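Source file protein-v2.txt; content: compact mmCIF, C-alpha atoms.
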# COMPACT_ATOMS: atom_id res chain seq x y z
CA THR R 18 0.00 0.00 0.00
CA LEU R 19 1.36 3.39 -1.02
CA LEU R 20 1.53 5.74 1.98
CA GLU R 21 1.15 9.50 1.94
CA GLY R 22 4.46 11.03 0.88
CA GLY R 23 5.40 7.93 -1.08
CA VAL R 24 6.16 7.48 -4.77
CA GLN R 25 5.61 4.32 -6.80
CA TYR R 26 6.85 3.32 -10.24
CA SER R 27 3.96 1.81 -12.18
CA ALA R 28 2.38 1.51 -15.61
CA PHE R 29 -0.80 2.09 -17.57
CA LEU R 30 -1.58 -1.09 -19.49
CA THR R 31 -3.69 -1.87 -22.53
CA GLU R 32 -6.31 -4.64 -22.56
CA ASN R 33 -3.54 -6.80 -24.08
CA GLY R 34 -1.31 -6.28 -21.06
CA THR R 35 1.12 -4.06 -22.99
CA PHE R 36 2.36 -0.61 -22.05
CA VAL R 37 0.37 2.55 -22.64
CA ASP R 38 3.10 4.27 -20.61
CA ASP R 39 5.17 3.95 -17.48
CA LEU R 40 4.81 6.58 -14.76
CA LEU R 41 5.43 7.68 -11.20
CA THR R 42 2.49 7.90 -8.79
CA TYR R 43 2.79 10.42 -5.95
CA LYS R 44 0.36 9.98 -3.05
CA ILE R 45 -0.46 13.52 -1.89
CA ALA R 46 -3.40 12.33 0.26
CA ASP R 47 -5.87 9.45 0.39
CA ASP R 48 -7.97 11.16 -2.27
CA ASP R 49 -5.25 13.03 -4.16
CA TYR R 50 -2.57 11.52 -6.41
CA LEU R 51 -0.11 13.18 -8.77
CA LEU R 52 0.72 11.05 -11.82
CA VAL R 53 3.97 11.94 -13.57
CA VAL R 54 3.99 10.53 -17.10
CA ASN R 55 6.22 10.83 -20.15
CA ALA R 56 5.56 14.30 -21.56
CA ALA R 57 5.12 13.13 -25.15
CA ASN R 58 2.46 10.66 -24.00
CA THR R 59 0.37 13.15 -22.01
CA PRO R 60 -2.69 13.29 -24.32
CA LYS R 61 -3.11 9.52 -24.60
CA ASP R 62 -2.30 9.01 -20.90
CA VAL R 63 -4.92 11.53 -19.80
CA ALA R 64 -7.46 9.88 -22.10
CA TRP R 65 -6.59 6.43 -20.74
CA ALA R 66 -6.83 7.60 -17.11
CA LYS R 67 -10.20 9.25 -17.68
CA ARG R 68 -11.57 6.07 -19.26
CA ALA R 69 -10.16 3.96 -16.41
CA ALA R 70 -11.32 6.19 -13.54
CA VAL R 71 -13.65 4.35 -11.11
CA ASP R 72 -15.57 5.00 -7.91
CA GLY R 73 -16.29 8.61 -8.78
CA GLY R 74 -12.62 9.47 -9.29
CA SER R 75 -11.80 12.48 -11.44
CA VAL R 76 -8.76 13.05 -13.64
CA GLU R 77 -7.35 16.47 -14.43
CA ASN R 78 -4.44 17.31 -16.74
CA GLU R 79 -2.32 19.64 -14.61
CA SER R 80 0.74 19.59 -16.87
CA GLY R 81 0.56 23.35 -17.33
CA LYS R 82 0.76 23.90 -13.57
CA TRP R 83 4.08 22.13 -13.06
CA ALA R 84 7.71 22.36 -14.13
CA GLN R 85 10.25 19.74 -13.14
CA ILE R 86 13.96 20.24 -12.48
CA ALA R 87 16.11 17.17 -11.81
CA LEU R 88 19.24 17.56 -9.69
CA GLN R 89 21.22 14.34 -9.81
CA GLY R 90 24.53 13.20 -8.37
CA PRO R 91 26.27 12.36 -5.09
CA ARG R 92 26.41 16.02 -3.99
CA SER R 93 22.81 16.85 -4.85
CA ALA R 94 21.64 17.13 -1.22
CA GLU R 95 24.57 19.37 -0.35
CA ILE R 96 23.70 21.64 -3.28
CA LEU R 97 19.93 21.71 -2.74
CA GLN R 98 19.75 21.92 1.06
CA PRO R 99 20.65 25.64 1.37
CA LEU R 100 17.78 26.48 -0.98
CA VAL R 101 14.93 24.58 0.74
CA ASP R 102 13.12 24.83 4.06
CA VAL R 103 12.83 21.08 4.67
CA GLU R 104 15.50 18.61 5.78
CA LEU R 105 16.57 16.51 2.82
CA ALA R 106 18.46 13.77 4.65
CA PRO R 107 15.32 12.11 6.11
CA ILE R 108 13.61 11.87 2.71
CA GLY R 109 13.87 8.23 1.66
CA TYR R 110 14.34 6.97 -1.89
CA TYR R 111 11.01 7.25 -3.74
CA HIS R 112 9.55 9.59 -1.14
CA PHE R 113 8.78 13.31 -1.25
CA ARG R 114 8.07 16.33 0.93
CA HIS R 115 6.23 19.58 0.40
CA GLY R 116 8.47 22.58 0.99
CA LYS R 117 9.66 25.89 -0.31
CA VAL R 118 12.57 26.13 -2.75
CA VAL R 119 13.99 29.68 -2.69
CA GLY R 120 10.67 30.60 -1.08
CA VAL R 121 8.51 28.99 -3.77
CA PRO R 122 6.04 26.26 -2.68
CA SER R 123 7.21 23.07 -4.39
CA ILE R 124 7.42 19.30 -4.14
CA VAL R 125 10.89 17.95 -3.38
CA SER R 126 11.16 14.32 -4.41
CA ARG R 127 14.02 11.88 -3.92
CA THR R 128 13.68 10.37 -7.35
CA GLY R 129 15.40 10.61 -10.71
CA TYR R 130 15.99 8.98 -14.06
CA THR R 131 19.74 8.47 -13.78
CA GLY R 132 20.30 5.71 -11.23
CA GLU R 133 22.24 8.22 -9.13
CA TYR R 134 21.40 9.80 -5.80
CA GLY R 135 19.36 12.89 -6.46
CA PHE R 136 16.19 14.93 -6.28
CA GLU R 137 13.45 16.20 -8.55
CA VAL R 138 11.83 19.55 -7.82
CA TYR R 139 8.26 20.15 -8.98
CA CYS R 140 7.43 23.85 -9.02
CA PRO R 141 5.18 26.39 -10.75
CA PRO R 142 6.43 27.05 -14.31
CA GLU R 143 6.77 30.78 -13.66
CA ALA R 144 9.31 30.03 -10.90
CA ALA R 145 11.32 27.46 -12.85
CA VAL R 146 14.00 29.85 -14.15
CA GLU R 147 14.55 31.35 -10.70
CA ILE R 148 14.92 27.91 -9.10
CA TRP R 149 17.13 26.67 -11.97
CA ASP R 150 19.46 29.65 -11.60
CA ALA R 151 19.60 29.23 -7.81
CA ILE R 152 20.48 25.53 -8.12
CA LEU R 153 23.22 26.24 -10.67
CA ALA R 154 24.67 28.98 -8.44
CA SER R 155 24.60 26.74 -5.36
CA GLY R 156 26.18 23.91 -7.31
CA LYS R 157 28.90 25.87 -9.06
CA PRO R 158 31.50 25.33 -6.28
CA HIS R 159 30.74 21.60 -6.49
CA GLY R 160 31.20 21.36 -10.25
CA LEU R 161 27.50 21.23 -11.12
CA ILE R 162 26.75 21.70 -14.82
CA PRO R 163 23.54 21.39 -16.88
CA ALA R 164 23.00 18.09 -18.70
CA GLY R 165 20.77 17.38 -21.67
CA LEU R 166 18.63 14.42 -22.62
CA GLY R 167 21.49 12.62 -24.37
CA ALA R 168 23.60 12.61 -21.21
CA ARG R 169 20.64 11.52 -19.12
CA ASP R 170 19.92 8.71 -21.58
CA THR R 171 23.34 7.15 -21.07
CA LEU R 172 22.87 7.23 -17.29
CA ARG R 173 19.36 5.74 -17.27
CA LEU R 174 20.63 2.97 -19.54
CA GLU R 175 23.49 2.15 -17.17
CA ALA R 176 20.89 1.85 -14.41
CA LYS R 177 18.59 -0.19 -16.69
CA MET R 178 15.72 2.24 -16.42
CA ALA R 179 13.28 1.58 -19.26
CA LEU R 180 12.60 4.23 -21.89
CA TYR R 181 9.13 4.27 -23.39
CA GLY R 182 9.27 4.00 -27.17
CA ASN R 183 12.55 2.11 -26.97
CA ASP R 184 12.51 -0.62 -24.33
CA ILE R 185 8.78 -0.68 -23.64
CA ASP R 186 5.74 0.17 -25.77
CA ASP R 187 2.30 -1.09 -26.67
CA THR R 188 3.76 -4.30 -28.12
CA THR R 189 5.59 -5.42 -24.96
CA THR R 190 4.33 -6.70 -21.60
CA PRO R 191 5.91 -6.31 -18.15
CA TRP R 192 6.91 -9.99 -18.14
CA GLU R 193 8.78 -9.55 -21.43
CA ALA R 194 10.35 -6.23 -20.34
CA ASP R 195 11.76 -7.78 -17.15
CA LEU R 196 9.44 -5.49 -15.17
CA GLY R 197 7.35 -8.19 -13.59
CA TRP R 198 8.09 -6.70 -10.17
CA ILE R 199 5.66 -3.84 -10.87
CA VAL R 200 2.78 -6.29 -11.44
CA LYS R 201 0.92 -7.44 -8.32
CA MET R 202 -1.30 -10.32 -9.42
CA LYS R 203 -2.60 -10.84 -5.87
CA LYS R 204 -3.99 -7.31 -5.55
CA GLY R 205 -7.19 -7.71 -7.49
CA ASP R 206 -8.32 -6.85 -10.99
CA PHE R 207 -6.68 -4.36 -13.34
CA ILE R 208 -6.68 -3.62 -17.05
CA GLY R 209 -4.74 -6.29 -18.93
CA ARG R 210 -4.69 -8.73 -16.02
CA ALA R 211 -6.33 -11.64 -17.88
CA VAL R 212 -3.78 -11.52 -20.71
CA LEU R 213 -0.85 -11.26 -18.30
CA GLU R 214 -2.18 -14.20 -16.32
CA ARG R 215 -2.35 -16.33 -19.44
CA GLN R 216 1.08 -15.20 -20.61
CA LYS R 217 2.65 -15.98 -17.26
CA ALA R 218 1.15 -19.46 -17.29
CA ALA R 219 2.18 -20.16 -20.89
CA GLY R 220 5.60 -18.52 -20.63
CA ILE R 221 7.05 -15.66 -22.63
CA SER R 222 8.84 -16.09 -25.94
CA LYS R 223 11.06 -13.00 -25.77
CA LYS R 224 12.81 -11.14 -22.97
CA LEU R 225 14.60 -7.83 -22.53
CA VAL R 226 18.25 -8.45 -21.61
CA GLY R 227 21.37 -6.41 -21.08
CA PHE R 228 24.37 -6.97 -23.30
CA GLN R 229 27.93 -5.79 -23.66
CA VAL R 230 29.54 -5.46 -27.07
CA THR R 231 32.75 -7.48 -27.13
CA GLY R 232 33.65 -6.68 -30.73
CA ARG R 233 34.31 -3.27 -32.27
CA GLY R 234 31.27 -1.06 -32.53
CA ILE R 235 28.41 0.58 -30.65
CA ALA R 236 24.94 -0.91 -30.88
CA ARG R 237 22.00 1.44 -31.36
CA HIS R 238 18.23 1.29 -31.16
CA GLY R 239 16.80 -0.76 -34.02
CA HIS R 240 19.90 -2.83 -34.79
CA SER R 241 19.03 -6.46 -35.46
CA VAL R 242 20.34 -9.26 -33.24
CA LYS R 243 21.24 -12.79 -34.27
CA THR R 244 21.14 -15.62 -31.72
CA LYS R 245 21.19 -19.41 -31.98
CA ALA R 246 17.56 -19.37 -30.81
CA GLY R 247 16.36 -16.85 -33.40
CA PRO R 248 16.38 -13.12 -34.15
CA GLY R 249 16.18 -10.22 -31.71
CA ILE R 250 16.26 -6.43 -31.72
CA VAL R 251 18.30 -3.77 -29.90
CA THR R 252 16.11 -1.30 -28.02
CA SER R 253 18.81 0.92 -26.46
CA GLY R 254 22.56 1.11 -26.86
CA THR R 255 25.49 3.45 -26.42
CA GLN R 256 29.04 3.88 -25.15
CA THR R 257 28.56 4.85 -21.52
CA PRO R 258 30.69 7.17 -19.36
CA THR R 259 30.60 5.31 -16.05
CA VAL R 260 30.86 1.70 -17.22
CA GLY R 261 33.23 2.73 -20.00
CA LYS R 262 32.05 0.02 -22.37
CA PRO R 263 29.54 -0.23 -25.23
CA ILE R 264 26.36 -1.66 -23.68
CA GLY R 265 22.71 -1.96 -24.51
CA LEU R 266 19.35 -3.63 -24.08
CA ALA R 267 17.73 -6.00 -26.53
CA TYR R 268 14.76 -8.29 -26.88
CA VAL R 269 15.97 -11.81 -27.61
CA PRO R 270 14.33 -15.25 -27.57
CA VAL R 271 14.05 -16.57 -24.02
CA ALA R 272 16.34 -19.47 -24.97
CA ALA R 273 19.08 -16.87 -25.66
CA SER R 274 18.51 -14.74 -22.55
CA ALA R 275 20.81 -16.46 -20.06
CA ILE R 276 23.79 -14.46 -18.77
CA GLY R 277 26.89 -15.36 -20.73
CA THR R 278 25.01 -16.17 -23.94
CA GLU R 279 26.91 -15.00 -27.01
CA ILE R 280 24.93 -13.00 -29.56
CA GLU R 281 25.71 -11.05 -32.73
CA ILE R 282 24.52 -7.54 -33.54
CA ASP R 283 24.27 -6.11 -37.02
CA ILE R 284 26.03 -2.74 -36.82
CA ARG R 285 25.92 -1.00 -40.19
CA GLY R 286 25.85 -4.28 -42.08
CA ARG R 287 28.63 -5.89 -40.06
CA GLY R 288 28.10 -8.68 -37.52
CA VAL R 289 29.64 -7.64 -34.19
CA SER R 290 29.97 -10.01 -31.24
CA ALA R 291 28.31 -9.29 -27.90
CA VAL R 292 27.39 -11.18 -24.74
CA VAL R 293 24.37 -11.12 -22.44
CA VAL R 294 25.34 -9.67 -19.05
CA SER R 295 23.66 -9.04 -15.70
CA THR R 296 21.88 -5.75 -15.07
CA PRO R 297 21.83 -3.04 -13.95
CA PHE R 298 25.14 -2.24 -15.61
CA TYR R 299 25.84 0.28 -12.85
CA LYS R 300 24.53 0.47 -9.29
CA ARG R 301 25.32 3.51 -7.20
CA PRO R 302 27.15 3.00 -3.90
CA ALA R 303 24.88 2.84 -0.87
CA ALA R 304 24.09 6.29 0.49
Representation of the structure as structure tokens:
Amino acid sequence: TLLEGGVQYSAFLTENGTFVDDLLTYKIADDDYLLVVNAANTPKDVAWAKRAAVDGGSVENESGKWAQIALQGPRSAEILQPLVDVELAPIGYYHFRHGKVVGVPSIVSRTGYTGEYGFEVYCPPEAAVEIWDAILASGKPHGLIPAGLGARDTLRLEAKMALYGNDIDDTTTPWEADLGWIVKMKKGDFIGRAVLERQKAAGISKKLVGFQVTGRGIARHGHSVKTKAGPGIVTSGTQTPTVGKPIGLAYVPVAASAIGTEIEIDIRGRGVSAVVVSTPFYKRPAA
């Protein structure tokens, strides 16, 4: 059960048990939840939530009322603490507090899409520039610099955080995406449950795995994979800064999903060797 002040990673599913989107659910109160979805999916997510609403629940699209700034890294608390009126240290991973950031009422959440220690600040859009500038100024002595989506993408991949449109979409189920831990079959009915129940009983045919390229080359989204058990497809891939090796995620036949299995990836028409490895590729040191 999600408690007030808690955050949960979850998903909207289709009737076929595949992903409409993945999201974070913030419990503000027993009758008030903030759902943080992928921005590009907002229209379809709002439509899905309105169709799925039960017991008199109402759904409002409040995207225009919020801006989000992510501060990630081992010194994030040290940088953010002087700017907020709540103690950051007691905020557990996937928990949040209401507080003021440079005097602006905001939500301070110990979450992020990098696999690193960090925070996400939800604030009114009109205050976003002021808060951004204050965070950069506070972080300057600590070497804080802005990072774009490309940099963030390498970090979320190292932490094996799924990216909608790459690793998960409306053709993949949680069992196949190695996200079975977000599905609670003992907690009653939900959209897509019947299909997932049947799939779990029958067994999946493909699975999302991590791999490391052992040959010369960097695998990218869409590259085809050859295994002894049949074809696969790369969903994410890059040369990463922390691990220092070309890594990626791919859907492969279950028979080729065991750690240590050798596979081949077609990189620009050339077969390049790779091996299935354990994930996440990187796990931050305990705080």
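With all atoms listed in the file as the basis for measurement, R:Thr35 is the residue among R:Thr128, R:Thr35, R:Ser93, R:Thr296 that approaches Asp186 of chain R most closely.
Minimum atom-to-atom distances from R:Val226, R:Ile185, R:Ile199, R:Ile86 to Pro141 of chain R were compared using all atoms listed in the file, and the lowest value belongs to R:Ile86.
Those residues positioned at most 9 Å from (24.3, 6.6, -19.0) are Thr131, Gly132, Gly167, Ala168, Arg169, Asp170, Thr171, Leu172, Arg173, Leu174, Glu175, Ala176, Thr255, Gln256, Thr257, Pro258, Thr259, Val260 and Tyr299 of chain R, judged using all atoms listed in the file.
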Exercise. Quick one, how far is atom CA of Thr18 of chain R from atom CA of Trp192 of chain R?
Worked result: 21.8 Å
Problem set entry | Residues near Ala303 of chain R, cut-off 12 Å, all atoms listed in the file, skip fewer than 6 positions along chain, as number ranges by chain | R: 91, 110, 132-134
Exercise. Which is closer to Pro60 of chain R than all the others in R:Ala272, R:Glu137, R:Ser80, R:Leu41, using all atoms listed in the file?
Worked result: R:Ser80
